[in-house]
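> Could you have a look at this structure, given as structure tokens, before my questions?
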Amino acid sequence: MSKFMQEALQEAELAGSRGEVPIGAVIVHQGTILARAGNRTLELNDPTAHAEILVIRQACETLATQRLPECDLYVTLEPCAMCSAAISFARIRRLYFGAEDTKGGAVENGVRFFADPTCHHVPDVYSGMSAIESARLLQAFFSTKR
């Protein structure tokens, strides 16, 4: 398991402990974690406060730029359409994700955002990293909700 995906999993666990859907993300720049976050949609009353959006905002603020072409994103769940668009707009270099999301994912499932000819930037995509651990966190969380 990548040390960066391990950090994303820790962010997911923290999100779950706050009652949020346990999804975590980190952005890495030149081998160092630049930003980290877990979902905060409930806490912030913000439907856009997905882990990916939050780390992109943090990384852009830290680097004082709107583009992150030398950055890699590690996230525990396949990004949705909104997050995939943000990844493209931010020009993220590489996307690593854990569990696939057959209902809401937009990378390898659903709309397959990066495959659309209108997509301006496509990151290198590496799926399935720590997929079992990522899926277990989500399954455990939702089992308590049902």
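Here, A, B, ... name the chains of the structure tokens in the order displayed, residue numbers run from 1 inside each chain, and ligands are numbered from 1 in the same displayed order.
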Would you tabulate, counting only C-alpha atoms, all residues of stretch 28-50 of chain A that have an atom at most 12 Å from an atom of stretch 77-100 of chain A, showing the closest pair of atoms and their distance in Å to one decimal, sorted by chain then ascending number, as JSON lines?


{"residue": "A:Val28", "atom": "CA", "partner": "A:Arg94", "partner_atom": "CA", "distance": 9.7}
{"residue": "A:His29", "atom": "CA", "partner": "A:Arg93", "partner_atom": "CA", "distance": 10.0}
{"residue": "A:Gln30", "atom": "CA", "partner": "A:Arg93", "partner_atom": "CA", "distance": 11.6}
{"residue": "A:Gly38", "atom": "CA", "partner": "A:Leu77", "partner_atom": "CA", "distance": 11.2}
{"residue": "A:Asn39", "atom": "CA", "partner": "A:Leu77", "partner_atom": "CA", "distance": 11.2}
{"residue": "A:Pro47", "atom": "CA", "partner": "A:Met82", "partner_atom": "CA", "distance": 10.4}
{"residue": "A:Thr48", "atom": "CA", "partner": "A:Met82", "partner_atom": "CA", "distance": 8.0}
{"residue": "A:Ala49", "atom": "CA", "partner": "A:Cys83", "partner_atom": "CA", "distance": 9.9}
{"residue": "A:His50", "atom": "CA", "partner": "A:Cys83", "partner_atom": "CA", "distance": 7.6}

> With all heavy atoms retained, write the just-selected residues as an mmCIF file, in the first residue's frame.


data_model
loop_
_atom_site.group_PDB
_atom_site.id
_atom_site.type_symbol
_atom_site.label_atom_id
_atom_site.label_comp_id
_atom_site.auth_asym_id
_atom_site.auth_seq_id
_atom_site.Cartn_x
_atom_site.Cartn_y
_atom_site.Cartn_z
ATOM 1 N N VAL A 28 -0.239 15.331 -3.354
ATOM 2 C CA VAL A 28 1.204 15.208 -3.193
ATOM 3 C C VAL A 28 1.893 16.054 -4.259
ATOM 4 O O VAL A 28 1.538 16.000 -5.439
ATOM 5 C CB VAL A 28 1.623 13.723 -3.323
ATOM 6 C CG1 VAL A 28 3.137 13.588 -3.250
ATOM 7 C CG2 VAL A 28 0.939 12.889 -2.247
ATOM 8 N N HIS A 29 2.875 16.828 -3.797
ATOM 9 C CA HIS A 29 3.675 17.677 -4.691
ATOM 10 C C HIS A 29 5.142 17.404 -4.395
ATOM 11 O O HIS A 29 5.586 17.558 -3.249
ATOM 12 C CB HIS A 29 3.339 19.151 -4.436
ATOM 13 C CG HIS A 29 4.105 20.103 -5.275
ATOM 14 N ND1 HIS A 29 5.109 20.899 -4.768
ATOM 15 C CD2 HIS A 29 4.026 20.405 -6.602
ATOM 16 C CE1 HIS A 29 5.608 21.652 -5.720
ATOM 17 N NE2 HIS A 29 4.970 21.364 -6.848
ATOM 18 N N GLN A 30 5.873 16.953 -5.390
ATOM 19 C CA GLN A 30 7.294 16.651 -5.255
ATOM 20 C C GLN A 30 7.573 15.726 -4.079
ATOM 21 O O GLN A 30 8.500 15.933 -3.299
ATOM 22 C CB GLN A 30 8.096 17.952 -5.146
ATOM 23 C CG GLN A 30 7.954 18.816 -6.379
ATOM 24 C CD GLN A 30 8.705 20.129 -6.291
ATOM 25 O OE1 GLN A 30 9.157 20.540 -5.226
ATOM 26 N NE2 GLN A 30 8.826 20.797 -7.426
ATOM 27 N N GLY A 38 -10.823 15.112 4.506
ATOM 28 C CA GLY A 38 -11.881 14.120 4.410
ATOM 29 C C GLY A 38 -13.163 14.868 4.121
ATOM 30 O O GLY A 38 -13.220 16.102 4.222
ATOM 31 N N ASN A 39 -14.191 14.123 3.757
ATOM 32 C CA ASN A 39 -15.483 14.760 3.474
ATOM 33 C C ASN A 39 -15.928 15.643 4.638
ATOM 34 O O ASN A 39 -15.728 15.289 5.806
ATOM 35 C CB ASN A 39 -16.547 13.692 3.226
ATOM 36 C CG ASN A 39 -16.563 13.216 1.804
ATOM 37 O OD1 ASN A 39 -15.712 13.553 1.000
ATOM 38 N ND2 ASN A 39 -17.548 12.401 1.480
ATOM 39 N N PRO A 47 -22.736 20.890 -0.075
ATOM 40 C CA PRO A 47 -22.716 19.666 -0.887
ATOM 41 C C PRO A 47 -21.465 19.527 -1.746
ATOM 42 O O PRO A 47 -21.201 18.449 -2.268
ATOM 43 C CB PRO A 47 -23.971 19.793 -1.752
ATOM 44 C CG PRO A 47 -24.240 21.255 -1.818
ATOM 45 C CD PRO A 47 -23.786 21.818 -0.500
ATOM 46 N N THR A 48 -20.682 20.591 -1.872
ATOM 47 C CA THR A 48 -19.445 20.504 -2.656
ATOM 48 C C THR A 48 -18.228 20.178 -1.787
ATOM 49 O O THR A 48 -17.120 20.069 -2.318
ATOM 50 C CB THR A 48 -19.166 21.811 -3.417
ATOM 51 O OG1 THR A 48 -18.817 22.846 -2.499
ATOM 52 C CG2 THR A 48 -20.353 22.226 -4.270
ATOM 53 N N ALA A 49 -18.401 20.007 -0.512
ATOM 54 C CA ALA A 49 -17.269 19.792 0.400
ATOM 55 C C ALA A 49 -16.808 18.334 0.409
ATOM 56 O O ALA A 49 -16.611 17.727 1.455
ATOM 57 C CB ALA A 49 -17.614 20.276 1.794
ATOM 58 N N HIS A 50 -16.621 17.797 -0.787
ATOM 59 C CA HIS A 50 -16.052 16.460 -0.928
ATOM 60 C C HIS A 50 -14.553 16.557 -0.641
ATOM 61 O O HIS A 50 -13.934 17.611 -0.846
ATOM 62 C CB HIS A 50 -16.258 15.930 -2.337
ATOM 63 C CG HIS A 50 -17.676 15.600 -2.658
ATOM 64 N ND1 HIS A 50 -18.022 14.830 -3.750
ATOM 65 C CD2 HIS A 50 -18.847 15.922 -2.046
ATOM 66 C CE1 HIS A 50 -19.333 14.684 -3.801
ATOM 67 N NE2 HIS A 50 -19.858 15.360 -2.775
#

> Run DSSP on the backbone and grab whatever in chain A lands in strand (DSSP E); send it over as a PyMOL selection string.

chain A and resi 24-29+32-38+71-77+94-99+124-127

> Please produce a file of the residues just selected, as a PDB file, in the first residue's frame, where the atoms kept are C-alpha atoms.


ATOM      1  CA  GLY A  24     -10.302  10.889   2.327  1.00  0.00           C
ATOM      2  CA  ALA A  25      -7.838  12.506  -0.036  1.00  0.00           C
ATOM      3  CA  VAL A  26      -4.326  13.894  -0.133  1.00  0.00           C
ATOM      4  CA  ILE A  27      -2.482  15.897  -2.766  1.00  0.00           C
ATOM      5  CA  VAL A  28       1.204  15.208  -3.193  1.00  0.00           C
ATOM      6  CA  HIS A  29       3.675  17.677  -4.691  1.00  0.00           C
ATOM      7  CA  THR A  32       5.435  15.659  -0.035  1.00  0.00           C
ATOM      8  CA  ILE A  33       1.841  15.849   1.103  1.00  0.00           C
ATOM      9  CA  LEU A  34       0.670  19.360   0.307  1.00  0.00           C
ATOM     10  CA  ALA A  35      -2.966  19.035   1.388  1.00  0.00           C
ATOM     11  CA  ARG A  36      -5.201  16.529   3.141  1.00  0.00           C
ATOM     12  CA  ALA A  37      -8.910  16.327   3.817  1.00  0.00           C
ATOM     13  CA  GLY A  38     -11.881  14.120   4.410  1.00  0.00           C
ATOM     14  CA  CYS A  71       0.562  17.283  -8.243  1.00  0.00           C
ATOM     15  CA  ASP A  72      -0.879  13.838  -7.687  1.00  0.00           C
ATOM     16  CA  LEU A  73      -4.210  13.146  -5.977  1.00  0.00           C
ATOM     17  CA  TYR A  74      -4.818  10.069  -3.845  1.00  0.00           C
ATOM     18  CA  VAL A  75      -8.454   9.464  -2.895  1.00  0.00           C
ATOM     19  CA  THR A  76     -10.158   6.487  -1.303  1.00  0.00           C
ATOM     20  CA  LEU A  77     -13.187   6.366  -3.626  1.00  0.00           C
ATOM     21  CA  ARG A  94      -2.074  11.763 -11.662  1.00  0.00           C
ATOM     22  CA  LEU A  95      -5.174  10.393  -9.975  1.00  0.00           C
ATOM     23  CA  TYR A  96      -4.919   7.340  -7.726  1.00  0.00           C
ATOM     24  CA  PHE A  97      -8.166   6.027  -6.279  1.00  0.00           C
ATOM     25  CA  GLY A  98      -9.190   3.120  -4.107  1.00  0.00           C
ATOM     26  CA  ALA A  99     -12.673   1.640  -4.313  1.00  0.00           C
ATOM     27  CA  ASP A 124      -3.052   9.598 -15.609  1.00  0.00           C
ATOM     28  CA  VAL A 125      -5.494   7.351 -13.717  1.00  0.00           C
ATOM     29  CA  TYR A 126      -4.525   4.461 -11.448  1.00  0.00           C
ATOM     30  CA  SER A 127      -7.509   2.682  -9.933  1.00  0.00           C
TER      31      SER A 127
END

> Go ahead and compute the interatomic distance for atom CA of A:Met5 and atom CA of A:Gly31, in Å to one decimal.

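So the two atoms, atom CA of A:Met5 and atom CA of A:Gly31, lie 12.8 Å apart.
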
> If you take only C-alpha atoms and a cut-off of 10 Å, which residues of stretch 9-63 of chain A touch stretch 134-141 of chain A, and what are their nearest atom pairs and distances in Å to one decimal, in chain and number order, as CSV?


residue,atom,partner,partner_atom,distance
A:Leu9,CA,A:Ser134,CA,6.9
A:Ala12,CA,A:Leu137,CA,7.9
A:Glu13,CA,A:Leu137,CA,7.4
A:Gly16,CA,A:Phe141,CA,6.9
A:Ser17,CA,A:Phe141,CA,9.4
A:Gly19,CA,A:Phe141,CA,8.7
A:Glu20,CA,A:Phe141,CA,9.0
A:Val21,CA,A:Phe141,CA,7.2
A:Pro22,CA,A:Leu138,CA,6.1
A:Ile23,CA,A:Leu138,CA,7.9
A:Gly24,CA,A:Ser134,CA,9.3

> Restricted to N, CA, C and O atoms, what would the selected residues look like written as a tab-separated table (two decimals), in the first residue's frame?


chain	number	residue	atom	x	y	z
A	9	LEU	N	-6.50	7.17	3.57
A	9	LEU	CA	-7.36	6.29	4.38
A	9	LEU	C	-7.52	6.84	5.80
A	9	LEU	O	-8.61	6.77	6.38
A	12	ALA	N	-10.03	9.46	5.63
A	12	ALA	CA	-11.36	8.85	5.50
A	12	ALA	C	-11.87	8.40	6.87
A	12	ALA	O	-13.04	8.61	7.21
A	13	GLU	N	-11.01	7.79	7.65
A	13	GLU	CA	-11.39	7.35	8.99
A	13	GLU	C	-11.81	8.53	9.86
A	13	GLU	O	-12.80	8.45	10.59
A	16	GLY	N	-15.25	9.65	8.83
A	16	GLY	CA	-16.24	8.74	9.37
A	16	GLY	C	-16.49	8.97	10.85
A	16	GLY	O	-17.64	8.91	11.30
A	17	SER	N	-15.43	9.27	11.58
A	17	SER	CA	-15.60	9.53	13.02
A	17	SER	C	-16.38	10.81	13.28
A	17	SER	O	-16.95	10.98	14.36
A	19	GLY	N	-18.96	11.51	11.47
A	19	GLY	CA	-20.29	11.23	10.95
A	19	GLY	C	-20.43	11.49	9.45
A	19	GLY	O	-21.51	11.38	8.90
A	20	GLU	N	-19.33	11.84	8.81
A	20	GLU	CA	-19.32	12.08	7.37
A	20	GLU	C	-19.09	10.76	6.64
A	20	GLU	O	-18.52	9.81	7.20
A	21	VAL	N	-19.48	10.69	5.38
A	21	VAL	CA	-19.15	9.52	4.58
A	21	VAL	C	-17.62	9.43	4.55
A	21	VAL	O	-16.95	10.42	4.25
A	22	PRO	N	-17.05	8.26	4.91
A	22	PRO	CA	-15.60	8.16	5.07
A	22	PRO	C	-14.82	8.10	3.75
A	22	PRO	O	-14.46	7.04	3.26
A	23	ILE	N	-14.59	9.27	3.22
A	23	ILE	CA	-13.76	9.41	2.03
A	23	ILE	C	-12.66	10.40	2.37
A	23	ILE	O	-12.93	11.46	2.95
A	24	GLY	N	-11.44	10.04	2.03
A	24	GLY	CA	-10.30	10.89	2.33
A	24	GLY	C	-9.44	11.09	1.10
A	24	GLY	O	-9.45	10.27	0.18

> Atom CA of A:Gly104 and atom CA of A:Ile132 are how many Å apart?

17.9 Å

> If you run DSSP on the backbone here, which positions in stretch 23-141 of chain A get helix (DSSP H, G or I)? Please write them as a count of residues only.

40

> Pick the closest to A:Val122 from A:Leu44, A:Cys60, A:Val55, A:Val107: which is it, counting only C-alpha atoms?

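Of A:Leu44, A:Cys60, A:Val55, A:Val107, the one nearest A:Val122 is A:Val107, counting only C-alpha atoms.
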
> Rounded to one decimal, what separation in Å do you get between atom CA of A:Pro123 and atom CA of A:Asn45?

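Those two atoms sit 29.5 Å apart.
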